[in-house]
$ cat start_26.cif   # mmCIF, C-alpha atoms
data_coords
#
loop_
_atom_site.group_PDB
_atom_site.id
_atom_site.type_symbol
_atom_site.label_atom_id
_atom_site.label_comp_id
_atom_site.auth_asym_id
_atom_site.auth_seq_id
_atom_site.Cartn_x
_atom_site.Cartn_y
_atom_site.Cartn_z
ATOM 1 C CA MET A 1 -33.899 83.099 -29.388
ATOM 2 C CA ALA A 2 -36.096 80.653 -27.458
ATOM 3 C CA ARG A 3 -38.522 80.444 -30.383
ATOM 4 C CA GLY A 4 -35.570 79.735 -32.644
ATOM 5 C CA GLY A 5 -34.534 77.039 -30.166
ATOM 6 C CA TYR A 6 -37.920 75.378 -30.524
ATOM 7 C CA ALA A 7 -37.465 75.456 -34.308
ATOM 8 C CA ALA A 8 -33.946 74.003 -33.978
ATOM 9 C CA SER A 9 -35.250 71.264 -31.697
ATOM 10 C CA GLY A 10 -37.980 70.542 -34.245
ATOM 11 C CA VAL A 11 -35.390 70.248 -37.019
ATOM 12 C CA VAL A 12 -33.289 67.839 -34.945
ATOM 13 C CA HIS A 13 -36.306 65.705 -34.031
ATOM 14 C CA GLY A 14 -37.547 65.758 -37.630
ATOM 15 C CA LEU A 15 -34.140 64.540 -38.797
ATOM 16 C CA ILE A 16 -34.155 61.794 -36.166
ATOM 17 C CA GLY A 17 -37.504 60.635 -37.553
ATOM 18 C CA ALA A 18 -36.206 60.774 -41.131
ATOM 19 C CA LEU A 19 -33.086 58.833 -40.124
ATOM 20 C CA ALA A 20 -35.236 56.223 -38.378
ATOM 21 C CA ILE A 21 -37.191 55.745 -41.598
ATOM 22 C CA ALA A 22 -33.919 55.562 -43.551
ATOM 23 C CA LEU A 23 -32.666 52.970 -41.069
ATOM 24 C CA VAL A 24 -35.658 50.771 -41.790
ATOM 25 C CA VAL A 25 -35.441 51.265 -45.569
ATOM 26 C CA ARG A 26 -31.656 50.828 -45.809
ATOM 27 C CA HIS A 27 -31.363 48.086 -43.189
ATOM 28 C CA GLY A 28 -29.102 49.814 -40.692
ATOM 29 C CA ARG A 29 -27.152 52.383 -42.742
ATOM 30 C CA ALA A 30 -28.192 55.421 -40.697
ATOM 31 C CA GLU A 31 -27.810 56.538 -37.089
ATOM 32 C CA ALA A 32 -31.339 57.372 -35.925
ATOM 33 C CA ASP A 33 -30.337 59.390 -32.878
ATOM 34 C CA GLN A 34 -29.377 62.943 -31.986
ATOM 35 C CA VAL A 35 -25.761 62.512 -33.025
ATOM 36 C CA GLY A 36 -26.842 61.059 -36.387
ATOM 37 C CA ALA A 37 -29.226 63.978 -36.957
ATOM 38 C CA LEU A 38 -26.601 66.555 -36.007
ATOM 39 C CA THR A 39 -24.003 64.822 -38.179
ATOM 40 C CA SER A 40 -26.464 65.031 -41.099
ATOM 41 C CA ILE A 41 -26.715 68.784 -40.537
ATOM 42 C CA ALA A 42 -22.903 69.069 -40.356
ATOM 43 C CA ASN A 43 -22.494 67.166 -43.645
ATOM 44 C CA ALA A 44 -24.951 69.379 -45.546
ATOM 45 C CA PRO A 45 -23.796 72.423 -47.539
ATOM 46 C CA PHE A 46 -23.145 75.255 -45.058
ATOM 47 C CA GLY A 47 -23.678 72.578 -42.400
ATOM 48 C CA LEU A 48 -21.096 73.882 -39.945
ATOM 49 C CA ALA A 49 -22.754 77.317 -39.835
ATOM 50 C CA ALA A 50 -26.189 75.703 -39.515
ATOM 51 C CA LEU A 51 -24.977 73.403 -36.745
ATOM 52 C CA CYS A 52 -23.447 76.333 -34.836
ATOM 53 C CA ALA A 53 -26.767 78.175 -35.145
ATOM 54 C CA VAL A 54 -28.618 75.077 -33.885
ATOM 55 C CA ALA A 55 -26.250 74.853 -30.894
ATOM 56 C CA VAL A 56 -26.690 78.544 -29.982
ATOM 57 C CA LEU A 57 -30.481 78.334 -30.323
ATOM 58 C CA LEU A 58 -30.700 75.160 -28.218
ATOM 59 C CA PHE A 59 -28.592 76.781 -25.485
ATOM 60 C CA ALA A 60 -30.831 79.865 -25.645
ATOM 61 C CA LEU A 61 -33.932 77.701 -25.264
ATOM 62 C CA GLY A 62 -32.338 75.880 -22.321
ATOM 63 C CA VAL A 63 -31.508 79.167 -20.592
ATOM 64 C CA PHE A 64 -35.054 80.403 -21.274
ATOM 65 C CA HIS A 65 -36.552 77.373 -19.505
ATOM 66 C CA ILE A 66 -34.185 77.700 -16.546
ATOM 67 C CA VAL A 67 -34.968 81.413 -16.126
ATOM 68 C CA HIS A 68 -38.673 80.737 -16.639
ATOM 69 C CA GLY A 69 -38.519 78.178 -13.822
ATOM 70 C CA PHE A 70 -37.302 80.858 -11.435
ATOM 71 C CA ALA A 71 -39.887 83.387 -12.653
ATOM 72 C CA LEU A 72 -42.938 81.129 -12.269
ATOM 73 C CA ASP A 73 -45.608 82.300 -9.890
ATOM 74 C CA ARG A 74 -48.338 79.826 -8.976
ATOM 75 C CA ALA A 75 -50.832 80.132 -6.121
ATOM 76 C CA SER A 76 -50.161 76.581 -4.940
ATOM 77 C CA ARG A 77 -46.647 76.029 -3.604
ATOM 78 C CA ARG A 78 -46.711 72.347 -4.646
ATOM 79 C CA ARG A 79 -47.777 73.153 -8.221
ATOM 80 C CA ARG A 80 -45.236 75.978 -8.421
ATOM 81 C CA TRP A 81 -42.360 73.693 -7.455
ATOM 82 C CA GLY A 82 -43.590 70.896 -9.699
ATOM 83 C CA ARG A 83 -43.692 73.298 -12.635
ATOM 84 C CA ARG A 84 -40.303 74.741 -11.714
ATOM 85 C CA LEU A 85 -38.710 71.299 -11.678
ATOM 86 C CA ALA A 86 -40.266 70.562 -15.067
ATOM 87 C CA GLU A 87 -38.931 73.843 -16.502
ATOM 88 C CA TRP A 88 -35.460 73.266 -15.071
ATOM 89 C CA GLY A 89 -35.415 69.699 -16.385
ATOM 90 C CA GLN A 90 -36.318 70.920 -19.863
ATOM 91 C CA GLY A 91 -33.676 73.643 -19.563
ATOM 92 C CA VAL A 92 -30.983 71.120 -18.718
ATOM 93 C CA ALA A 93 -32.141 68.816 -21.539
ATOM 94 C CA PHE A 94 -31.956 71.606 -24.142
ATOM 95 C CA CYS A 95 -28.534 72.709 -22.856
ATOM 96 C CA VAL A 96 -27.321 69.103 -23.171
ATOM 97 C CA MET A 97 -28.652 69.038 -26.755
ATOM 98 C CA GLY A 98 -26.779 72.294 -27.390
ATOM 99 C CA GLY A 99 -23.624 70.747 -25.943
ATOM 100 C CA ILE A 100 -23.959 67.704 -28.186
ATOM 101 C CA ALA A 101 -24.467 70.000 -31.201
ATOM 102 C CA THR A 102 -21.336 71.929 -30.212
ATOM 103 C CA ALA A 103 -19.331 68.705 -29.860
ATOM 104 C CA VAL A 104 -20.440 67.512 -33.316
ATOM 105 C CA ALA A 105 -19.646 70.969 -34.774
ATOM 106 C CA VAL A 106 -16.032 70.723 -33.560
ATOM 107 C CA GLY A 107 -15.674 67.241 -35.047
ATOM 108 C CA ALA A 108 -16.484 64.919 -32.149
ATOM 109 C CA ARG A 109 -18.814 61.991 -32.707
ATOM 110 C CA PRO A 110 -20.076 61.151 -29.214
ATOM 111 C CA ASP A 111 -21.561 57.703 -28.673
ATOM 112 C CA PRO A 112 -24.705 58.207 -26.555
ATOM 113 C CA ASP A 113 -24.973 54.516 -25.635
ATOM 114 C CA ARG A 114 -21.366 54.293 -24.458
ATOM 115 C CA THR A 115 -21.637 57.594 -22.561
ATOM 116 C CA THR A 116 -24.752 56.384 -20.736
ATOM 117 C CA ARG A 117 -23.128 53.042 -19.878
ATOM 118 C CA ASP A 118 -19.924 54.707 -18.658
ATOM 119 C CA ALA A 119 -21.856 57.223 -16.545
ATOM 120 C CA SER A 120 -23.970 54.426 -15.046
ATOM 121 C CA ARG A 121 -20.870 52.368 -14.208
ATOM 122 C CA GLY A 122 -19.214 55.429 -12.691
ATOM 123 C CA LEU A 123 -22.225 56.063 -10.463
ATOM 124 C CA LEU A 124 -22.187 52.453 -9.269
ATOM 125 C CA THR A 125 -18.641 52.886 -7.939
ATOM 126 C CA ILE A 126 -19.481 55.728 -5.534
ATOM 127 C CA PRO A 127 -21.242 55.377 -2.170
ATOM 128 C CA GLY A 128 -24.986 55.698 -2.685
ATOM 129 C CA GLY A 129 -24.476 55.460 -6.458
ATOM 130 C CA THR A 130 -26.934 52.613 -6.834
ATOM 131 C CA VAL A 131 -29.676 54.630 -5.138
ATOM 132 C CA LEU A 132 -28.816 57.693 -7.241
ATOM 133 C CA LEU A 133 -28.918 55.618 -10.443
ATOM 134 C CA ILE A 134 -32.317 54.192 -9.474
ATOM 135 C CA LEU A 135 -33.614 57.716 -8.761
ATOM 136 C CA ILE A 136 -32.338 58.941 -12.131
ATOM 137 C CA GLY A 137 -34.031 56.001 -13.840
ATOM 138 C CA ILE A 138 -37.295 56.726 -12.010
ATOM 139 C CA GLY A 139 -37.003 60.413 -12.946
ATOM 140 C CA VAL A 140 -36.430 59.658 -16.631
ATOM 141 C CA ALA A 141 -39.297 57.134 -16.584
ATOM 142 C CA GLY A 142 -41.526 59.735 -14.924
ATOM 143 C CA VAL A 143 -40.713 62.305 -17.587
ATOM 144 C CA GLY A 144 -41.383 59.686 -20.281
ATOM 145 C CA ALA A 145 -44.734 58.803 -18.740
ATOM 146 C CA ALA A 146 -45.599 62.512 -18.493
ATOM 147 C CA TRP A 147 -44.812 63.028 -22.184
ATOM 148 C CA ILE A 148 -46.972 60.035 -23.094
ATOM 149 C CA TRP A 149 -49.812 61.462 -20.989
ATOM 150 C CA MET A 150 -49.391 64.910 -22.600
ATOM 151 C CA GLY A 151 -49.607 63.314 -26.042
ATOM 152 C CA ALA A 152 -52.491 60.976 -25.291
ATOM 153 C CA SER A 153 -54.543 63.646 -23.505
ATOM 154 C CA ARG A 154 -53.354 66.361 -25.921
ATOM 155 C CA SER A 155 -52.781 68.631 -22.940
ATOM 156 C CA PHE A 156 -49.812 70.174 -24.788
ATOM 157 C CA ARG A 157 -52.392 72.229 -26.713
ATOM 158 C CA LYS A 158 -52.806 74.492 -23.660
ATOM 159 C CA GLN A 159 -49.254 75.765 -24.174
ATOM 160 C CA MET A 160 -49.598 76.752 -27.811
ATOM 161 C CA SER A 161 -51.885 78.494 -30.266
ATOM 162 C CA ILE A 162 -53.178 75.971 -32.774
ATOM 163 C CA PRO A 163 -54.925 77.333 -35.847
ATOM 164 C CA PRO A 164 -58.533 76.288 -36.424
ATOM 165 C CA GLY A 165 -59.596 73.872 -39.133
ATOM 166 C CA ARG A 166 -57.932 70.945 -40.806
ATOM 167 C CA GLY A 167 -54.421 72.357 -40.425
ATOM 168 C CA GLY A 168 -54.861 72.725 -36.679
ATOM 169 C CA ARG A 169 -56.201 69.200 -36.335
ATOM 170 C CA ALA A 170 -53.215 67.875 -38.310
ATOM 171 C CA ILE A 171 -50.788 69.788 -36.082
ATOM 172 C CA ALA A 172 -52.508 68.477 -32.938
ATOM 173 C CA ALA A 173 -52.405 64.906 -34.284
ATOM 174 C CA LEU A 174 -48.691 65.192 -35.130
ATOM 175 C CA GLY A 175 -48.056 66.678 -31.692
ATOM 176 C CA ALA A 176 -49.881 63.817 -30.004
ATOM 177 C CA VAL A 177 -47.861 61.222 -31.924
ATOM 178 C CA GLY A 178 -44.615 63.098 -31.252
ATOM 179 C CA PHE A 179 -45.208 63.416 -27.512
ATOM 180 C CA VAL A 180 -46.131 59.738 -27.181
ATOM 181 C CA ALA A 181 -43.106 58.667 -29.254
ATOM 182 C CA LYS A 182 -40.712 60.867 -27.260
ATOM 183 C CA GLY A 183 -42.191 59.552 -24.013
ATOM 184 C CA GLY A 184 -41.760 55.980 -25.219
ATOM 185 C CA ALA A 185 -38.128 56.699 -26.121
ATOM 186 C CA LEU A 186 -37.511 58.115 -22.629
ATOM 187 C CA LEU A 187 -39.102 55.057 -21.021
ATOM 188 C CA ALA A 188 -36.837 52.851 -23.142
ATOM 189 C CA ILE A 189 -33.828 54.837 -21.915
ATOM 190 C CA ALA A 190 -34.915 54.550 -18.283
ATOM 191 C CA VAL A 191 -34.992 50.731 -18.314
ATOM 192 C CA PRO A 192 -31.233 50.204 -18.988
ATOM 193 C CA LEU A 193 -30.285 52.916 -16.438
#
$ encode --input "start_26.cif" --output "structure tokens"
Amino acid sequence: MARGGYAASGVVHGLIGALAIALVVRHGRAEADQVGALTSIANAPFGLAALCAVAVLLFALGVFHIVHGFALDRASRRRRWGRRLAEWGQGVAFCVMGGIATAVAVGARPDPDRTTRDASRGLLTIPGGTVLLILIGIGVAGVGAAWIWMGASRSFRKQMSIPPGRGGRAIAALGAVGFVAKGGALLAIAVPL
């Protein structure tokens, strides 16, 4: 199920890239975000079934990362907890993606920008909310910087088996670009928070 979740995440990210290209070509007639990608899946033939499968697989991948975070065993306590936090963060992110896919499958069209703004305003109204919002922004920026580093250094290759030859080099190059782009997107999100 977790492997299927990686494939589902790849499909969603591939669609986001395709929608971004369509946005440039059509001058603003596509939503180049997760909701736009998931809506594209929903509008395809057998889209509802595909979207439900994407949601289940993304939830499965999220649960896998959360469980994996608990199961990690590293010699260094600091490295173990750093890795656990990374696994749990990924788990939460994939579960959120699964939740968004579920919402789109039942007909909702969430607005990510409005949701982020409303959540930020809500945090500012509670005691300590400003500090919490700053910490969230720093956390998102840190994750973005880490993704950029993973792409630029190609350290992501340690976590996967890349075939030798030209195909492997192409996969590694695409991975590097993808990690840097995702990191840049996260940094862009962190600034308005």
$ closest_residue --input "start_26.cif" --among "A:Gly5, A:Ala176, A:Leu186, A:Gly47" --to "Ile136 of chain A" --atoms "only C-alpha atoms"
A:Leu186
$ resolve_selection --input "start_26.cif" --expression "the PyMOL selection byres ((chain A and resi 137) around 9)" --output "list in words"
Leu132, Leu133, Ile134, Leu135, Ile136, Ile138, Gly139, Val140, Ala141, Gly142, Leu187, Ile189, Ala190, Val191, Pro192 and Leu193 of chain A
$ closest_residue --input "start_26.cif" --among "A:Ala2, A:Val180, A:Ala86, A:Met160" --to "Ala55 of chain A" --atoms "only C-alpha atoms"
A:Ala2
$ resolve_selection --input "start_26.cif" --expression "the PyMOL selection byres ((chain A and resi 8) around 12)" --output "PyMOL selection string"
chain A and resi 1-7+9-15+37-38+41+50-62+94+97-98+101
$ residues_around --input "start_26.cif" --residues "Arg83 of chain A" --least-positions-apart "6" --cutoff "10 Å" --atoms "only C-alpha atoms" --output "PyMOL selection string"
chain A and resi 68-70+72-74+77+89
$ closest_residue --input "start_26.cif" --among "A:Arg79, A:Thr102, A:Cys95, A:Ala18" --to "Ala42 of chain A" --atoms "only C-alpha atoms"
A:Thr102
$ atom_distance --input "start_26.cif" --atom1 "atom CA of Ile16 of chain A" --atom2 "atom CA of Ser40 of chain A"
9.7 Å
$ resolve_selection --input "start_26.cif" --expression "the PyMOL selection byres ((chain A and resi 152) around 12)" --output "PyMOL selection string"
chain A and resi 145-151+153-157+172-184
$ atom_distance --input "start_26.cif" --atom1 "atom CA of Gly36 of chain A" --atom2 "atom CA of Ser120 of chain A"
22.5 Å
$ atom_distance --input "start_26.cif" --atom1 "atom CA of Arg84 of chain A" --atom2 "atom CA of Val96 of chain A"
18.2 Å
$ axis_aligned_box --input "start_26.cif" --around "segment 130-138 of chain A" --padding-each-side "4 Å" --output "lines of an AutoDock Vina configuration file"
center_x = -32.1
center_y = 55.8
center_z = -9.5
size_x = 18.4
size_y = 14.3
size_z = 16.7
